[in-house]
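Novice: Contents are mmCIF, C-alpha atoms; file name model23.cif:
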data_target
loop_
_atom_site.label_atom_id
_atom_site.label_comp_id
_atom_site.auth_asym_id
_atom_site.auth_seq_id
_atom_site.Cartn_x
_atom_site.Cartn_y
_atom_site.Cartn_z
CA MET N 1 2.74 -21.08 15.36
CA ARG N 2 2.22 -19.94 11.77
CA HIS N 3 4.47 -17.32 10.24
CA ASP N 4 4.94 -15.88 6.79
CA VAL N 5 8.34 -14.76 5.57
CA VAL N 6 9.11 -11.80 3.35
CA ILE N 7 12.54 -11.95 1.71
CA LEU N 8 13.71 -8.53 0.59
CA ALA N 9 15.51 -8.91 -2.75
CA ALA N 10 14.66 -5.75 -4.70
CA GLY N 11 17.90 -3.85 -4.28
CA GLN N 12 20.12 -2.62 -7.08
CA ALA N 13 23.35 -3.96 -5.54
CA SER N 14 25.26 -1.09 -7.13
CA ARG N 15 28.38 -1.63 -5.00
CA MET N 16 28.26 -5.40 -5.56
CA GLY N 17 27.89 -5.03 -9.30
CA ARG N 18 25.55 -8.02 -9.61
CA CYS N 19 22.34 -9.41 -8.16
CA LYS N 20 22.85 -10.33 -4.49
CA ALA N 21 19.99 -12.83 -4.44
CA LEU N 22 21.77 -15.01 -6.98
CA LEU N 23 25.29 -14.75 -5.62
CA PRO N 24 26.77 -18.25 -5.44
CA LEU N 25 27.57 -19.46 -1.94
CA SER N 26 29.50 -22.56 -2.97
CA ASP N 27 30.56 -24.46 -6.06
CA ALA N 28 27.34 -26.51 -5.98
CA PRO N 29 25.01 -25.62 -8.87
CA GLY N 30 22.05 -23.55 -7.72
CA ASP N 31 23.50 -22.83 -4.28
CA HIS N 32 22.95 -19.10 -4.02
CA ALA N 33 21.64 -16.68 -1.41
CA LEU N 34 17.99 -17.08 -2.41
CA SER N 35 18.08 -20.89 -2.54
CA ARG N 36 19.67 -21.00 0.93
CA LEU N 37 16.94 -18.78 2.35
CA ALA N 38 14.26 -20.84 0.62
CA ARG N 39 15.56 -23.94 2.41
CA LEU N 40 15.90 -22.07 5.71
CA TRP N 41 12.30 -20.86 5.65
CA ALA N 42 10.75 -23.98 4.08
CA GLY N 43 8.56 -24.52 7.16
CA ALA N 44 6.92 -21.10 6.96
CA ALA N 45 3.25 -20.78 6.07
CA ALA N 46 4.27 -18.78 2.99
CA CYS N 47 7.50 -17.29 1.69
CA ARG N 48 7.30 -14.21 -0.50
CA VAL N 49 10.24 -12.59 -2.26
CA VAL N 50 10.08 -8.88 -3.03
CA THR N 51 11.80 -8.20 -6.35
CA GLY N 52 12.79 -4.96 -8.02
CA PHE N 53 15.94 -4.00 -9.91
CA HIS N 54 16.85 -7.56 -10.97
CA ALA N 55 13.23 -8.70 -11.16
CA GLY N 56 13.54 -10.91 -14.23
CA ALA N 57 16.38 -13.04 -12.89
CA VAL N 58 15.09 -13.15 -9.30
CA GLU N 59 11.53 -14.00 -10.37
CA ALA N 60 12.83 -16.84 -12.56
CA ALA N 61 14.74 -18.20 -9.56
CA CYS N 62 11.62 -17.84 -7.40
CA ALA N 63 9.60 -19.87 -9.89
CA ALA N 64 12.25 -22.60 -9.89
CA LEU N 65 12.26 -22.65 -6.07
CA GLY N 66 8.47 -22.56 -5.69
CA LEU N 67 8.49 -19.12 -4.04
CA GLU N 68 5.98 -16.36 -4.58
CA ALA N 69 7.48 -13.23 -6.12
CA VAL N 70 6.03 -9.79 -5.41
CA ARG N 71 7.42 -6.91 -7.47
CA ASN N 72 8.17 -3.59 -5.80
CA PRO N 73 6.98 -0.96 -8.31
CA GLN N 74 9.45 1.60 -6.92
CA PRO N 75 12.61 -0.16 -5.73
CA GLU N 76 14.56 3.07 -6.16
CA ALA N 77 12.60 4.39 -3.13
CA GLY N 78 14.71 2.14 -0.87
CA MET N 79 14.35 -0.89 1.36
CA PHE N 80 11.37 0.40 3.30
CA SER N 81 9.35 0.49 0.06
CA SER N 82 10.14 -3.23 -0.29
CA VAL N 83 9.07 -3.87 3.29
CA ARG N 84 5.76 -2.15 2.52
CA THR N 85 5.31 -4.11 -0.72
CA GLY N 86 5.95 -7.42 1.03
CA LEU N 87 3.70 -6.67 4.01
CA GLU N 88 0.90 -5.49 1.70
CA ALA N 89 1.09 -8.88 -0.05
CA VAL N 90 0.84 -10.62 3.33
CA LEU N 91 -2.18 -8.51 4.27
CA ARG N 92 -3.92 -9.48 1.00
CA SER N 93 -3.31 -13.17 1.65
CA PRO N 94 -6.41 -15.22 2.45
CA THR N 95 -4.49 -16.86 5.31
CA PHE N 96 -3.47 -13.57 6.95
CA ALA N 97 -5.98 -13.89 9.81
CA SER N 98 -4.48 -17.22 10.90
CA LEU N 99 -0.87 -15.95 11.08
CA ASP N 100 0.97 -15.39 14.32
CA GLY N 101 3.55 -13.12 12.73
CA VAL N 102 5.76 -12.21 9.80
CA PHE N 103 9.53 -12.45 9.50
CA LEU N 104 11.46 -9.98 7.34
CA GLN N 105 14.65 -11.42 5.84
CA PRO N 106 17.12 -9.39 3.77
CA VAL N 107 18.46 -11.55 0.95
CA ASP N 108 21.97 -10.28 1.64
CA VAL N 109 22.04 -12.09 5.00
CA PRO N 110 21.69 -15.68 3.73
CA LEU N 111 23.89 -17.51 6.22
CA VAL N 112 21.38 -17.57 9.05
CA ARG N 113 21.61 -20.81 11.01
CA PRO N 114 18.44 -22.93 11.19
CA LEU N 115 18.71 -22.94 14.99
CA THR N 116 18.19 -19.17 14.88
CA VAL N 117 14.71 -19.46 13.37
CA ILE N 118 13.39 -22.54 15.18
#
For this file, produce the structure as structure tokens.

Specialist:
Amino acid sequence: MRHDVVILAAGQASRMGRCKALLPLSDAPGDHALSRLARLWAGAAACRVVTGFHAGAVEAACAALGLEAVRNPQPEAGMFSSVRTGLEAVLRSPTFASLDGVFLQPVDVPLVRPLTVI
């Protein structure tokens, strides 16, 4: 089965005070929420990351990880606007017709076990 993944990483993280996508998960360099999710979903047909408030930093990390970044033009409209932005990018993809589905993954839930997605 072929699935795309949309990682939602456009939030402001106002309570956190910093970008959730780049929060370190260990002392290892480059081990942050987004890198963990990139490894988790490496077998997907495509993995898109919706960016917004911290777009510059998240898009730079996406480039380093080989992920496609899609910018939400109105992240202040909330998470559903990011869902729409990500799904619109999937619909525009030339491989859309061959997909069996799409997974939505919030970046602030990075500790998903691989067994969960197999």

Novice: Hey, can you pull every residue with an atom no more than 9 Å from (9.5, -3.4, 2.1), using all atoms listed in the file, and send it as a list of chain:residue names?

Specialist: N:Val6, N:Leu8, N:Ala10, N:Val50, N:Asn72, N:Gly78, N:Met79, N:Phe80, N:Ser81, N:Ser82, N:Val83, N:Arg84, N:Thr85, N:Gly86, N:Leu87, N:Glu88, N:Leu104

Novice: The selected residues should be written to file as a PDB file, in the coordinates of the input (atoms: C-alpha atoms).

Specialist:
ATOM      1  CA  VAL N   6       9.110 -11.800   3.350  1.00  0.00           C
ATOM      2  CA  LEU N   8      13.710  -8.530   0.590  1.00  0.00           C
ATOM      3  CA  ALA N  10      14.660  -5.750  -4.700  1.00  0.00           C
ATOM      4  CA  VAL N  50      10.080  -8.880  -3.030  1.00  0.00           C
ATOM      5  CA  ASN N  72       8.170  -3.590  -5.800  1.00  0.00           C
ATOM      6  CA  GLY N  78      14.710   2.140  -0.870  1.00  0.00           C
ATOM      7  CA  MET N  79      14.350  -0.890   1.360  1.00  0.00           C
ATOM      8  CA  PHE N  80      11.370   0.400   3.300  1.00  0.00           C
ATOM      9  CA  SER N  81       9.350   0.490   0.060  1.00  0.00           C
ATOM     10  CA  SER N  82      10.140  -3.230  -0.290  1.00  0.00           C
ATOM     11  CA  VAL N  83       9.070  -3.870   3.290  1.00  0.00           C
ATOM     12  CA  ARG N  84       5.760  -2.150   2.520  1.00  0.00           C
ATOM     13  CA  THR N  85       5.310  -4.110  -0.720  1.00  0.00           C
ATOM     14  CA  GLY N  86       5.950  -7.420   1.030  1.00  0.00           C
ATOM     15  CA  LEU N  87       3.700  -6.670   4.010  1.00  0.00           C
ATOM     16  CA  GLU N  88       0.900  -5.490   1.700  1.00  0.00           C
ATOM     17  CA  LEU N 104      11.460  -9.980   7.340  1.00  0.00           C
TER      18      LEU N 104
END

Novice: With only C-alpha atoms as the basis for distance, which of N:Val112, N:Leu34, N:Met1, N:Val70 is at the shortest distance from Arg92 in chain N?

Specialist: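 Counting only C-alpha atoms, the residue closest to Arg92 in chain N is N:Val70.
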
Novice: Given the choices N:Leu40, N:Val107, N:Cys62, N:Ala45, which gets closest to Cys19 in chain N if the distance is worked out from all atoms listed in the file?

Specialist: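 Under the stated criterion, the closest residue is N:Val107.
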
Novice: Give the answer as one residue: which of N:Leu37, N:Val49, N:Leu111, N:Ala44 has the shortest atom-to-atom distance to Ala89 in chain N, using all atoms listed in the file?

Specialist: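 That would be N:Val49, the residue with the smallest distance to Ala89 in chain N.
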
Novice: Write out as a PDB file with C-alpha atoms, in the coordinates of the input the residues lying within 12 Å of Ala38 in chain N, counting all atoms listed in the file and excluding same-chain residues fewer than 2 positions away.

Specialist:
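Below is the file that was written, part-v8.pdb:
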ATOM      1  CA  VAL N   5       8.340 -14.760   5.570  1.00  0.00           C
ATOM      2  CA  VAL N   6       9.110 -11.800   3.350  1.00  0.00           C
ATOM      3  CA  ILE N   7      12.540 -11.950   1.710  1.00  0.00           C
ATOM      4  CA  ALA N  21      19.990 -12.830  -4.440  1.00  0.00           C
ATOM      5  CA  GLY N  30      22.050 -23.550  -7.720  1.00  0.00           C
ATOM      6  CA  ASP N  31      23.500 -22.830  -4.280  1.00  0.00           C
ATOM      7  CA  HIS N  32      22.950 -19.100  -4.020  1.00  0.00           C
ATOM      8  CA  ALA N  33      21.640 -16.680  -1.410  1.00  0.00           C
ATOM      9  CA  LEU N  34      17.990 -17.080  -2.410  1.00  0.00           C
ATOM     10  CA  SER N  35      18.080 -20.890  -2.540  1.00  0.00           C
ATOM     11  CA  ARG N  36      19.670 -21.000   0.930  1.00  0.00           C
ATOM     12  CA  LEU N  40      15.900 -22.070   5.710  1.00  0.00           C
ATOM     13  CA  TRP N  41      12.300 -20.860   5.650  1.00  0.00           C
ATOM     14  CA  ALA N  42      10.750 -23.980   4.080  1.00  0.00           C
ATOM     15  CA  GLY N  43       8.560 -24.520   7.160  1.00  0.00           C
ATOM     16  CA  ALA N  44       6.920 -21.100   6.960  1.00  0.00           C
ATOM     17  CA  ALA N  46       4.270 -18.780   2.990  1.00  0.00           C
ATOM     18  CA  CYS N  47       7.500 -17.290   1.690  1.00  0.00           C
ATOM     19  CA  ARG N  48       7.300 -14.210  -0.500  1.00  0.00           C
ATOM     20  CA  VAL N  49      10.240 -12.590  -2.260  1.00  0.00           C
ATOM     21  CA  ALA N  61      14.740 -18.200  -9.560  1.00  0.00           C
ATOM     22  CA  CYS N  62      11.620 -17.840  -7.400  1.00  0.00           C
ATOM     23  CA  ALA N  63       9.600 -19.870  -9.890  1.00  0.00           C
ATOM     24  CA  ALA N  64      12.250 -22.600  -9.890  1.00  0.00           C
ATOM     25  CA  LEU N  65      12.260 -22.650  -6.070  1.00  0.00           C
ATOM     26  CA  GLY N  66       8.470 -22.560  -5.690  1.00  0.00           C
ATOM     27  CA  LEU N  67       8.490 -19.120  -4.040  1.00  0.00           C
ATOM     28  CA  GLU N  68       5.980 -16.360  -4.580  1.00  0.00           C
ATOM     29  CA  GLN N 105      14.650 -11.420   5.840  1.00  0.00           C
ATOM     30  CA  VAL N 107      18.460 -11.550   0.950  1.00  0.00           C
ATOM     31  CA  PRO N 110      21.690 -15.680   3.730  1.00  0.00           C
ATOM     32  CA  LEU N 111      23.890 -17.510   6.220  1.00  0.00           C
ATOM     33  CA  VAL N 112      21.380 -17.570   9.050  1.00  0.00           C
ATOM     34  CA  PRO N 114      18.440 -22.930  11.190  1.00  0.00           C
TER      35      PRO N 114
END

Novice: Which residue is closest to Leu25 in chain N? Choose from N:Leu115, N:Val102, N:Val90, N:Val109 and count only C-alpha atoms.

Specialist: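 Using only C-alpha atoms, the shortest distance to Leu25 in chain N belongs to N:Val109.
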
Novice: How far is it from CA of Ala57 in chain N to CA of Gly11 in chain N, in Å with one decimal?

Specialist: 12.7 Å

Novice: Identify which of the residues N:Glu59, N:Leu91, N:Thr51, N:Ala97 lies closest to Pro73 in chain N, counting all atoms listed in the file when measuring atom-to-atom distances.

Specialist: N:Thr51

Novice: In Å, with one decimal, what is the gap from CA of Ser14 in chain N to CA of Arg39 in chain N?

Specialist: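 According to the coordinates, CA of Ser14 in chain N and CA of Arg39 in chain N are separated by 26.6 Å.
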
Novice: Go ahead and compute the interatomic distance for CA of Gln74 in chain N and CA of Pro94 in chain N, in Å to one decimal.

Specialist: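 Computing the Euclidean distance for CA of Gln74 in chain N and CA of Pro94 in chain N yields 24.9 Å.
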
Novice: Can you work out which one of N:Asp100, N:Thr95, N:Thr116, N:Val58 has the shortest atom-to-atom distance to Lys20 in chain N, counting all atoms listed in the file?

Specialist: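 Using all atoms listed in the file, the shortest distance to Lys20 in chain N belongs to N:Val58.
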